[in-house]
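S.K.: Next comes run.txt, compact mmCIF, C-alpha atoms:
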# COMPACT_ATOMS: atom_id res chain seq x y z
CA MET A 1 53.01 -36.34 31.29
CA SER A 2 52.94 -33.26 33.48
CA ALA A 3 51.95 -29.79 32.32
CA GLU A 4 55.58 -28.67 32.61
CA GLU A 5 56.75 -31.57 30.45
CA ARG A 6 54.06 -30.88 27.85
CA LYS A 7 55.03 -27.23 27.61
CA SER A 8 58.78 -27.85 27.56
CA ILE A 9 60.81 -26.99 24.47
CA ASP A 10 61.61 -30.65 23.94
CA ASN A 11 57.99 -31.65 23.58
CA ALA A 12 56.52 -28.28 22.52
CA ILE A 13 52.91 -29.42 22.55
CA TRP A 14 50.51 -26.47 22.87
CA LEU A 15 46.77 -27.10 22.76
CA CYS A 16 43.58 -25.05 23.06
CA SER A 17 42.64 -24.16 26.60
CA ASN A 18 39.93 -26.82 26.92
CA CYS A 19 42.16 -29.64 25.65
CA SER A 20 45.16 -28.56 27.71
CA ILE A 21 43.09 -28.40 30.90
CA ASP A 22 41.61 -31.83 30.18
CA ILE A 23 45.08 -33.35 29.62
CA ASP A 24 46.86 -31.56 32.48
CA ARG A 25 44.25 -32.65 35.06
CA ASP A 26 45.20 -36.30 34.50
CA THR A 27 48.97 -36.57 34.03
CA ASN A 28 48.80 -40.36 33.70
CA ARG A 29 46.09 -40.42 31.06
CA TYR A 30 48.29 -39.71 28.02
CA SER A 31 51.86 -40.71 27.31
CA ALA A 32 54.45 -38.42 25.80
CA GLU A 33 54.65 -40.68 22.76
CA LYS A 34 50.93 -40.41 22.04
CA LEU A 35 50.94 -36.66 22.41
CA LYS A 36 53.94 -36.42 20.11
CA ASP A 37 51.93 -38.36 17.49
CA TRP A 38 49.22 -35.71 17.80
CA LYS A 39 51.88 -33.05 17.41
CA ASN A 40 53.18 -34.60 14.19
CA GLN A 41 49.66 -34.86 12.75
CA ALA A 42 48.91 -31.24 13.65
CA GLU A 43 52.14 -30.05 12.01
CA GLU A 44 51.32 -31.95 8.79
CA ALA A 45 47.84 -30.45 8.72
CA ALA A 46 49.29 -26.97 9.28
CA ARG A 47 51.75 -27.38 6.39
CA ALA A 48 48.86 -28.47 4.13
CA GLU A 49 46.93 -25.30 5.05
CA LEU A 50 49.81 -22.92 4.30
CA GLY A 51 48.83 -20.26 1.76
CA LYS A 52 45.11 -20.90 2.10
CA LYS A 53 42.88 -17.97 3.07
CA LEU A 54 40.47 -18.04 5.98
CA PRO A 55 36.92 -19.04 5.05
CA GLY A 56 34.74 -16.10 4.03
CA LYS A 57 31.01 -15.50 4.47
CA GLY A 58 30.20 -17.39 1.27
CA ASP A 59 32.23 -20.38 2.48
CA ALA A 60 30.33 -20.35 5.73
CA ILE A 61 27.01 -20.31 3.88
CA ASP A 62 28.18 -23.21 1.67
CA THR A 63 29.21 -25.11 4.78
CA VAL A 64 25.79 -24.60 6.36
CA THR A 65 24.17 -25.62 3.06
CA ALA A 66 26.19 -28.82 3.02
CA ALA A 67 25.33 -29.50 6.64
CA LEU A 68 21.62 -29.11 5.97
CA THR A 69 21.42 -30.97 2.66
CA GLY A 70 24.29 -33.43 2.71
CA LEU A 71 25.57 -32.06 -0.61
CA PRO A 72 27.04 -28.61 -1.32
CA LYS A 73 24.49 -26.11 -2.69
CA THR A 74 21.77 -28.73 -3.10
CA TYR A 75 18.24 -27.46 -2.46
CA LEU A 76 16.46 -28.88 0.56
CA ALA A 77 12.83 -27.94 1.17
CA ASP A 78 13.31 -27.93 4.96
CA ALA A 79 16.55 -25.92 4.93
CA ILE A 80 14.99 -22.55 5.81
CA SER A 81 12.81 -24.13 8.48
CA ASN A 82 15.82 -25.95 9.94
CA VAL A 83 17.79 -22.70 10.22
CA HIS A 84 14.91 -21.00 12.03
CA GLN A 85 14.40 -23.97 14.36
CA ALA A 86 18.09 -24.06 15.17
CA SER A 87 18.12 -20.31 15.88
CA GLN A 88 14.98 -20.52 17.99
CA ARG A 89 16.31 -23.46 20.01
CA SER A 90 19.64 -21.77 20.71
CA LEU A 91 17.84 -18.63 21.92
CA GLU A 92 15.32 -20.56 24.02
CA ASN A 93 18.21 -22.35 25.74
CA LEU A 94 19.29 -18.96 27.10
CA ASP A 95 15.97 -18.64 28.94
CA PRO A 96 13.48 -21.56 28.74
CA ARG A 97 10.74 -19.33 30.20
CA PHE A 98 10.23 -17.87 26.71
CA GLN A 99 9.12 -19.25 23.37
CA VAL A 100 11.05 -17.75 20.44
CA MET A 101 9.86 -17.35 16.84
CA THR A 102 12.23 -16.00 14.17
CA ALA A 103 11.58 -14.52 10.73
CA TYR A 104 13.63 -12.87 7.99
CA ARG A 105 12.08 -10.57 5.40
CA ASP A 106 13.42 -7.77 3.18
CA GLY A 107 16.82 -7.80 4.86
CA THR A 108 15.39 -7.53 8.39
CA THR A 109 15.49 -10.19 11.09
CA SER A 110 12.50 -10.31 13.46
CA ILE A 111 12.59 -12.24 16.70
CA GLY A 112 9.30 -12.76 18.53
CA ILE A 113 9.58 -13.54 22.25
CA TYR A 114 6.53 -14.96 24.07
CA ALA A 115 6.53 -15.58 27.82
CA LYS A 116 5.38 -19.07 28.88
CA GLU A 117 5.02 -17.89 32.48
CA ASN A 118 5.27 -14.70 34.51
CA VAL A 119 8.82 -13.41 34.13
CA GLU A 120 10.34 -10.69 36.31
CA CYS A 121 12.93 -8.47 34.64
CA SER A 122 14.30 -5.01 35.26
CA MET A 123 14.72 -2.54 32.41
CA ARG A 124 16.73 0.65 32.54
CA ILE A 125 16.13 3.37 29.94
CA SER A 126 18.80 5.96 29.17
CA GLY A 127 18.05 9.39 30.69
CA ASP A 128 17.00 11.37 27.63
CA SER A 129 14.48 8.73 26.53
CA VAL A 130 12.69 8.06 29.82
CA ARG A 131 9.85 10.55 29.29
CA HIS A 132 9.25 9.40 25.72
CA TYR A 133 9.17 5.77 26.88
CA LEU A 134 6.74 6.50 29.71
CA GLU A 135 4.34 8.20 27.29
CA LYS A 136 4.45 5.18 25.00
CA TYR A 137 4.05 2.79 27.92
CA GLN A 138 0.94 4.66 29.07
CA LEU A 139 -0.57 4.27 25.57
CA LEU A 140 0.28 0.56 25.64
CA PHE A 141 -1.24 0.05 29.09
CA GLU A 142 -4.38 2.15 28.64
CA HIS A 143 -5.15 1.77 24.92
CA GLY A 144 -3.22 -1.27 23.67
CA LYS A 145 -0.94 0.77 21.39
CA ASP A 146 2.26 -1.12 20.53
CA LEU A 147 5.41 0.31 22.09
CA GLU A 148 8.65 0.65 20.11
CA ILE A 149 12.03 1.86 21.37
CA GLU A 150 15.59 1.59 20.06
CA SER A 151 17.40 -1.37 21.67
CA GLU A 152 20.55 0.69 22.26
CA LEU A 153 18.62 2.82 24.77
CA ILE A 154 17.74 -0.21 26.94
CA THR A 155 19.60 -2.25 29.55
CA ILE A 156 17.82 -5.38 30.81
CA GLU A 157 18.56 -7.59 33.83
CA GLY A 158 16.78 -10.81 34.77
CA SER A 159 16.88 -12.72 31.48
CA ALA A 160 19.98 -13.92 29.67
CA LEU A 161 17.92 -14.13 26.47
CA LEU A 162 16.71 -10.53 26.52
CA LYS A 163 20.12 -9.29 27.60
CA GLU A 164 21.83 -11.16 24.76
CA LEU A 165 19.46 -9.82 22.10
CA LEU A 166 19.40 -6.21 23.24
CA GLU A 167 23.09 -5.81 23.99
CA ASN A 168 24.50 -7.45 20.87
CA ALA A 169 22.35 -6.09 18.03
CA ASP A 170 21.22 -2.74 16.67
CA GLY A 171 17.48 -2.90 16.36
CA THR A 172 14.14 -1.99 17.83
CA LEU A 173 12.34 -3.48 20.78
CA SER A 174 8.60 -3.70 20.20
CA ILE A 175 6.23 -4.58 23.03
CA SER A 176 2.79 -5.57 21.77
CA SER A 177 -0.48 -5.93 23.60
CA PRO A 178 -2.49 -9.16 23.12
CA LYS A 179 -4.23 -9.27 19.74
CA LEU A 180 -7.60 -10.78 18.86
CA GLN A 181 -8.57 -11.63 15.27
CA ALA A 182 -11.68 -9.72 14.19
CA THR A 183 -13.75 -8.79 11.15
CA GLN A 184 -15.10 -5.31 10.52
CA LYS A 185 -18.26 -5.08 8.39
CA LEU A 186 -18.86 -1.80 6.55
CA TRP A 187 -21.80 -0.68 4.44
CA LEU A 188 -23.29 2.58 3.17
CA ALA A 189 -26.90 3.65 2.80
CA GLN A 190 -28.65 6.66 1.34
CA ALA A 191 -30.50 8.82 3.83
CA ASP A 192 -33.88 7.33 2.88
CA MET A 193 -32.43 3.78 2.88
CA SER A 194 -33.56 3.34 -0.73
CA ARG A 195 -30.10 2.14 -1.72
CA VAL A 196 -27.53 0.20 0.29
CA GLU A 197 -23.98 -0.63 -0.82
CA THR A 198 -21.82 -3.14 1.06
CA PHE A 199 -18.04 -3.12 1.10
CA ASP A 200 -15.61 -6.03 1.40
CA ASP A 201 -15.04 -7.48 4.88
CA ILE A 202 -12.14 -5.73 6.61
CA GLN A 203 -9.94 -8.34 8.28
CA GLY A 204 -7.81 -7.25 11.22
CA VAL A 205 -7.02 -7.45 14.92
CA ILE A 206 -8.23 -5.83 18.13
CA SER A 207 -5.73 -4.53 20.71
CA PHE A 208 -6.94 -4.00 24.28
CA GLY A 209 -5.92 -1.57 26.98
CA THR A 210 -7.51 -0.69 30.30
CA LYS A 211 -9.46 2.28 28.87
CA SER A 212 -10.13 1.49 25.20
CA PHE A 213 -9.65 -0.97 22.38
CA THR A 214 -8.22 -0.38 18.93
CA PHE A 215 -9.13 -2.10 15.67
CA GLU A 216 -6.63 -2.21 12.82
CA GLY A 217 -7.59 -3.93 9.59
CA HIS A 218 -7.37 -3.95 5.82
CA ALA A 219 -9.31 -5.02 2.74
CA CYS A 220 -8.79 -5.23 -1.02
CA ASN A 221 -5.37 -6.87 -0.67
CA ASN A 222 -4.11 -4.17 1.74
CA LEU A 223 -5.19 -1.31 -0.55
CA PHE A 224 -7.75 -0.07 1.97
CA ASN A 225 -6.81 0.35 5.64
CA LEU A 226 -9.15 1.18 8.50
CA ASN A 227 -8.16 1.97 12.09
CA TYR A 228 -10.33 3.21 14.93
CA GLN A 229 -10.26 3.51 18.70
CA ARG A 230 -13.26 3.20 21.01
CA SER A 231 -13.53 3.77 24.75
CA PHE A 232 -14.84 1.12 27.17
CA ASP A 233 -16.78 3.91 28.89
CA ALA A 234 -20.47 3.38 28.03
CA ASN A 235 -21.06 7.14 28.25
CA ASP A 236 -18.39 7.92 25.67
CA ASP A 237 -19.67 7.04 22.20
CA ARG A 238 -16.91 8.87 20.31
CA VAL A 239 -14.97 6.82 17.76
CA ASN A 240 -11.74 8.04 16.22
CA ILE A 241 -11.64 6.58 12.69
CA THR A 242 -8.71 6.72 10.27
CA MET A 243 -8.90 5.54 6.67
CA SER A 244 -6.07 5.30 4.18
CA LEU A 245 -5.28 3.84 0.77
CA GLY A 246 -2.00 2.05 0.06
CA PHE A 247 -1.30 3.44 -3.41
CA ASP A 248 2.08 1.67 -3.47
CA GLN A 249 0.11 -1.47 -4.41
CA TRP A 250 -0.75 0.22 -7.74
CA GLU A 251 2.69 1.67 -8.49
CA GLY A 252 3.70 0.85 -12.06
CA VAL A 253 0.41 -0.93 -12.88
CA SER A 254 -1.48 0.21 -16.00
CA ILE A 255 -4.21 2.63 -14.93
CA ALA A 256 -6.62 0.75 -17.20
CA SER A 257 -6.35 -2.37 -15.00
CA LEU A 258 -5.89 -1.17 -11.41
CA PRO A 259 -7.10 -3.93 -9.04
CA PHE A 260 -10.12 -3.16 -6.81
CA PHE A 261 -10.44 0.29 -8.36
CA HIS A 262 -14.21 0.18 -8.92
CA LYS A 263 -14.87 -0.91 -5.31
CA LEU A 264 -12.78 1.89 -3.83
CA ASP A 265 -14.05 4.52 -6.25
CA SER A 266 -17.66 3.62 -5.46
CA LEU A 267 -17.00 3.59 -1.70
CA PHE A 268 -15.48 7.07 -1.55
CA LYS A 269 -17.94 8.47 -4.09
CA CYS A 270 -20.89 7.40 -1.93
CA MET A 271 -19.26 8.69 1.25
CA SER A 272 -18.51 12.07 -0.35
CA GLU A 273 -22.13 12.33 -1.53
CA GLY A 274 -23.51 12.05 2.00
CA TRP A 275 -24.40 8.37 2.26
CA GLU A 276 -24.45 7.18 5.88
CA MET A 277 -21.67 4.80 6.94
CA PHE A 278 -22.49 1.83 9.20
CA THR A 279 -19.98 -0.54 10.82
CA SER A 280 -20.23 -3.79 12.74
CA LEU A 281 -17.36 -5.54 14.54
CA GLU A 282 -17.41 -9.34 14.72
CA VAL A 283 -15.20 -11.79 16.60
CA ALA A 284 -15.55 -15.46 15.62
CA GLY A 285 -18.86 -14.63 13.95
CA THR A 286 -20.33 -12.87 17.01
CA ARG A 287 -21.17 -9.17 16.78
CA VAL A 288 -19.49 -7.31 19.61
CA PHE A 289 -19.97 -3.73 18.48
CA ALA A 290 -22.13 -1.84 15.96
CA SER A 291 -22.08 1.85 15.12
CA LYS A 292 -24.89 4.22 14.32
CA GLY A 293 -25.14 5.73 10.86
CA THR A 294 -22.47 8.38 10.38
CA CYS A 295 -22.07 10.90 7.55
CA VAL A 296 -18.45 11.53 6.64
CA ASP A 297 -18.99 13.84 3.66
CA LYS A 298 -17.33 16.70 5.57
CA TRP A 299 -14.12 14.79 6.22
CA GLU A 300 -11.29 16.37 4.27
CA TYR A 301 -9.62 13.01 3.60
CA VAL A 302 -12.83 11.53 2.19
CA LEU A 303 -13.41 14.50 -0.12
CA ASP A 304 -9.79 14.64 -1.29
CA THR A 305 -9.65 10.91 -1.92
CA ALA A 306 -13.00 10.88 -3.75
CA SER A 307 -11.71 13.68 -5.99
CA LEU A 308 -8.45 11.85 -6.66
CA LEU A 309 -10.24 8.60 -7.51
CA HIS A 310 -12.58 10.51 -9.86
CA TYR A 311 -9.54 11.97 -11.63
CA ILE A 312 -8.04 8.48 -11.96
CA ALA A 313 -11.37 7.13 -13.26
CA CYS A 314 -11.45 9.80 -15.98
CA CYS A 315 -7.84 9.04 -16.92
CA ARG A 316 -8.70 5.34 -17.14
CA THR A 317 -11.55 6.12 -19.55
CA VAL A 318 -9.25 8.18 -21.77
CA SER A 319 -6.44 5.59 -21.78
CA GLN A 320 -8.85 2.78 -22.64
CA TYR A 321 -10.49 4.78 -25.45
CA PHE A 322 -7.14 5.50 -27.10
CA SER A 323 -5.71 2.02 -26.27
CA LEU A 324 -2.81 3.51 -24.31
CA ASN A 325 -0.78 1.72 -21.63
CA ILE A 326 -0.18 4.43 -19.02
CA PRO A 327 1.40 3.29 -15.70
CA PHE A 328 0.07 4.53 -12.37
CA THR A 329 2.33 6.54 -10.10
CA ALA A 330 1.51 7.98 -6.70
CA ARG A 331 3.81 10.89 -7.49
CA LEU A 332 1.38 12.38 -10.01
CA SER A 333 0.68 16.09 -9.98
CA TYR A 334 -2.30 17.81 -11.59
CA THR A 335 -4.23 21.07 -11.32
CA SER A 336 -7.95 21.71 -11.02
CA ASP A 337 -7.93 22.71 -14.71
CA ASP A 338 -6.30 19.38 -15.60
CA HIS A 339 -9.00 17.60 -13.64
CA ARG A 340 -11.79 19.57 -15.29
CA LYS A 341 -10.36 18.94 -18.76
CA VAL A 342 -9.90 15.18 -18.41
CA SER A 343 -13.36 14.93 -16.83
CA GLU A 344 -14.88 16.72 -19.84
CA VAL A 345 -13.05 14.42 -22.28
CA ALA A 346 -14.16 11.31 -20.35
CA ASP A 347 -17.79 12.52 -20.43
CA ILE A 348 -17.59 12.97 -24.22
CA ILE A 349 -16.10 9.49 -24.66
CA GLN A 350 -18.81 7.93 -22.48
CA GLY A 351 -21.60 9.82 -24.25
CA ARG A 352 -22.48 11.89 -21.21
CA GLN A 353 -21.80 15.28 -22.78
CA ILE A 354 -25.46 15.98 -23.55
CA LEU A 355 -26.95 19.42 -22.94
CA ASN A 356 -30.54 20.69 -23.01
CA GLU A 357 -31.61 24.29 -23.49
CA ASP A 358 -31.30 25.09 -19.79
CA ARG A 359 -27.62 24.13 -19.79
CA ILE A 360 -26.42 26.31 -22.65
CA SER A 361 -25.59 29.97 -22.05
CA SER A 362 -26.22 31.05 -25.66
CA ASN A 363 -27.57 29.60 -28.89
CA PRO A 364 -25.10 27.64 -31.05
CA THR A 365 -23.75 29.45 -34.11
CA CYS A 366 -21.77 28.63 -37.23
CA GLU A 367 -20.68 30.18 -40.53
CA PHE A 368 -21.26 28.99 -44.13
CA ILE A 369 -19.55 30.12 -47.36
CA VAL A 370 -21.78 30.71 -50.36
CA ASP A 371 -20.79 28.23 -53.10
CA ASP A 372 -21.18 28.34 -56.92
CA ASP A 373 -24.80 27.25 -57.09
CA TYR A 374 -25.95 29.04 -53.93
CA ALA A 375 -27.07 25.63 -52.60
CA ILE A 376 -26.54 26.51 -48.95
CA ALA A 377 -28.58 29.69 -49.25
CA THR A 378 -31.36 27.75 -50.98
CA VAL A 379 -31.37 25.07 -48.26
CA LEU A 380 -31.49 27.60 -45.44
CA GLN A 381 -34.45 29.39 -47.08
CA LYS A 382 -36.45 26.18 -47.31
CA ILE A 383 -36.04 25.08 -43.65
CA ASP A 384 -39.38 25.68 -41.96
CA ARG A 385 -39.44 22.94 -39.31
CA PRO A 386 -36.95 21.76 -36.61
CA ILE A 387 -34.02 19.72 -37.96
CA THR A 388 -30.86 17.92 -36.76
CA ILE A 389 -27.50 19.30 -37.80
CA GLN A 390 -23.91 18.21 -37.12
CA ILE A 391 -21.01 20.64 -36.83
CA VAL A 392 -17.41 19.39 -36.88
CA ASP A 393 -14.93 21.41 -34.84
CA HIS A 394 -11.43 20.95 -36.25
CA SER A 395 -9.71 23.11 -33.64
CA PRO A 396 -6.60 21.31 -32.28
CA ASP A 397 -7.02 20.11 -28.70
CA GLU A 398 -5.20 17.86 -26.22
CA VAL A 399 -5.49 16.45 -22.70
CA GLU A 400 -2.90 15.46 -20.09
CA VAL A 401 -3.15 12.03 -18.46
CA PHE A 402 -0.63 11.17 -15.72
CA GLY A 403 1.90 13.51 -17.29
CA GLU A 404 1.33 12.29 -20.87
CA ARG A 405 -0.18 14.73 -23.37
CA ILE A 406 -2.69 13.15 -25.77
CA ALA A 407 -3.88 14.84 -28.99
CA LEU A 408 -7.67 14.69 -29.30
CA PRO A 409 -9.64 14.06 -32.50
CA SER A 410 -12.07 16.61 -33.91
CA ARG A 411 -15.26 17.16 -31.95
CA VAL A 412 -18.63 16.50 -33.55
CA ILE A 413 -21.45 18.68 -32.20
CA THR A 414 -24.93 17.33 -32.93
CA LEU A 415 -27.91 19.71 -32.54
CA ASP A 416 -31.35 18.10 -32.42
CA ASN A 417 -34.56 20.11 -33.01
CA VAL A 418 -33.21 23.50 -34.07
CA LEU A 419 -34.23 26.15 -36.60
CA PRO A 420 -31.76 28.45 -38.40
CA HIS A 421 -31.83 32.19 -37.92
CA VAL A 422 -29.82 33.90 -40.67
CA GLN A 423 -28.61 37.41 -39.95
CA ALA A 424 -28.43 38.47 -43.63
CA GLN A 425 -30.60 38.89 -46.74
CA LEU A 426 -30.14 35.60 -48.57
CA SER A 427 -31.31 37.11 -51.85
CA THR A 428 -28.44 39.63 -51.90
CA LEU A 429 -25.65 37.11 -51.23
CA LYS A 430 -22.99 36.34 -53.81
CA LYS A 431 -20.37 33.63 -54.21
CA GLY A 432 -17.78 33.61 -51.41
CA ASP A 433 -19.89 35.56 -48.92
CA LEU A 434 -20.07 34.32 -45.32
CA ILE A 435 -23.46 33.44 -43.89
CA PHE A 436 -23.63 33.74 -40.09
CA VAL A 437 -26.31 31.34 -38.77
CA GLU A 438 -27.72 31.10 -35.24
CA TRP A 439 -29.43 27.80 -34.40
CA VAL A 440 -32.50 28.43 -32.27
CA PRO A 441 -33.57 25.54 -29.95
CA GLN A 442 -37.11 24.23 -30.31
CA ASP A 443 -39.10 21.72 -28.24
CA ASP A 444 -37.05 18.66 -27.17
CA PHE A 445 -33.81 20.40 -28.06
CA LYS A 446 -30.62 18.43 -27.35
CA CYS A 447 -26.95 19.18 -27.93
CA SER A 448 -24.57 16.21 -27.82
CA ILE A 449 -20.80 16.17 -28.30
CA SER A 450 -18.69 13.23 -29.52
CA TYR A 451 -15.33 12.62 -31.11
CA LYS A 452 -14.91 11.99 -34.83
CA SER A 453 -14.03 8.37 -35.40
Kindly transcribe the structure held in the file into structure tokens.

M.R.:
Amino acid sequence: MSAEERKSIDNAIWLCSNCSIDIDRDTNRYSAEKLKDWKNQAEEAARAELGKKLPGKGDAIDTVTAALTGLPKTYLADAISNVHQASQRSLENLDPRFQVMTAYRDGTTSIGIYAKENVECSMRISGDSVRHYLEKYQLLFEHGKDLEIESELITIEGSALLKELLENADGTLSISSPKLQATQKLWLAQADMSRVETFDDIQGVISFGTKSFTFEGHACNNLFNLNYQRSFDANDDRVNITMSLGFDQWEGVSIASLPFFHKLDSLFKCMSEGWEMFTSLEVAGTRVFASKGTCVDKWEYVLDTASLLHYIACCRTVSQYFSLNIPFTARLSYTSDDHRKVSEVADIIQGRQILNEDRISSNPTCEFIVDDDYAIATVLQKIDRPITIQIVDHSPDEVEVFGERIALPSRVITLDNVLPHVQAQLSTLKKGDLIFVEWVPQDDFKCSISYKS
């Protein structure tokens, strides 16, 4: 059957381009009768499909599921791996000089491309972005800093794989320097070395350039992050260190049970108090770099973070004492007065609100009312040696913890080793009179404050 016969109105057999070319190249291969049978079958299939919608995205996913598992929507442990392998293989077929690794996380597809050999490509950057790209490229080349640029700004020639990925998707091209797994040791010591405190190992990677290397690592389940850059120049011993805390790890967690809190609080407390910081970088167990002792108590970030962690520590004490479940939020806002107040309350709860004579600005005072039998006046007259007295302050008070206001119980003030000084003639007092008493500290005086249970 010739192409003209196949296309004629009498036969009316139209096929896809590939099938029609295959048939028309060999006019003796198929008879008109056989092709007419195909026509009849195609028409019957078309009539059966009338009124049916085209498959949607969900149908396509179900089809892939069935292809991977053999049964529609049946779980297969290797399904995700199979999809990635299929994607990787199809991409590698575009350019076998590269190895491809795919990943999908939080709605973002990542495609890693690793050259198996030296590959020559040309890249053209759109005019307005050239200078920005060159600055980033210099950082990549000299210091190992990863380079990122929007894919829509790039045109690549020399690799069908790179061209396909960059021209048919909105995304970001990231060029990374080689990475080396490393462990950063960190410890703190007091100036006289009488006390040393070690911190968790900081796991990370080293990036290399021609002029310096950069370490990026984390500890405490990514709560603590440490980055620094050091020159290869033996005469340049400067190290640019950056620390940060990932408070998003704590978001919504009860402040009474924040993970790794004590470690981080102790670390920043020691640093803010002038302890020297020492570091040692290890690769595969071999020390490749060690720093001298450095004091970071003047760093603004260290001081601010130490203050914040102290505020959180005080809030934790209060919430635990009152059995409150208060969630952490990084969006908290508090004043210096709020900090002072919650710190004072935490000290009282922990029994640290103890004052000696040097720490009080004036002698404690109180007032008594003369009762029916003048008992209080009689007692005060007979006191001739230091005593202990408790005064209950019923004044209403409250404290704010992460935006929640908490009413405080009455304070109990205990005075040890005091003598009363009465500013009135006890013999002339009558029922209902007020007696103003000043408590004068004696040897071993102590004033402690607690909350009434």

S.K.: Using all atoms listed in the file, determine which residues lie at most 12 Å from A:Ile156, disregarding the query and same-chain residues fewer than 5 positions distant; provide the list as a count of residues only.

M.R.: 16

S.K.: Can you measure atom CA of A:Leu140 to atom CA of A:Leu180 for me? One decimal in Å is fine.

M.R.: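 Interatomic distance here is 15.4 Å.
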
S.K.: What is the distance between atom CA of A:Ser319 and atom CA of A:Ile406, in Å to one decimal?

M.R.: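 Atom-to-atom, atom CA of A:Ser319 and atom CA of A:Ile406 are spaced 9.3 Å apart.
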
S.K.: Determine, counting all atoms listed in the file, which protein, DNA and RNA residues have an atom within 8 Å of an atom of A:Phe199; residues of the same chain fewer than 2 positions away are not included. Present the result as a list in words.

M.R.: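 With the cut-off at 8 Å, the set is Lys185, Leu186, Trp187, Glu197, Asp201, Lys263 and Leu267 of chain A.
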
S.K.: Show me the residues around (-12.9, 0.1, 6.7) - criterion: an atom at most 9 Å away, all atoms listed in the file counted - as a ChimeraX atom specification.

M.R.: /A:184-186,199-202,217-219,224-227,241-244,279
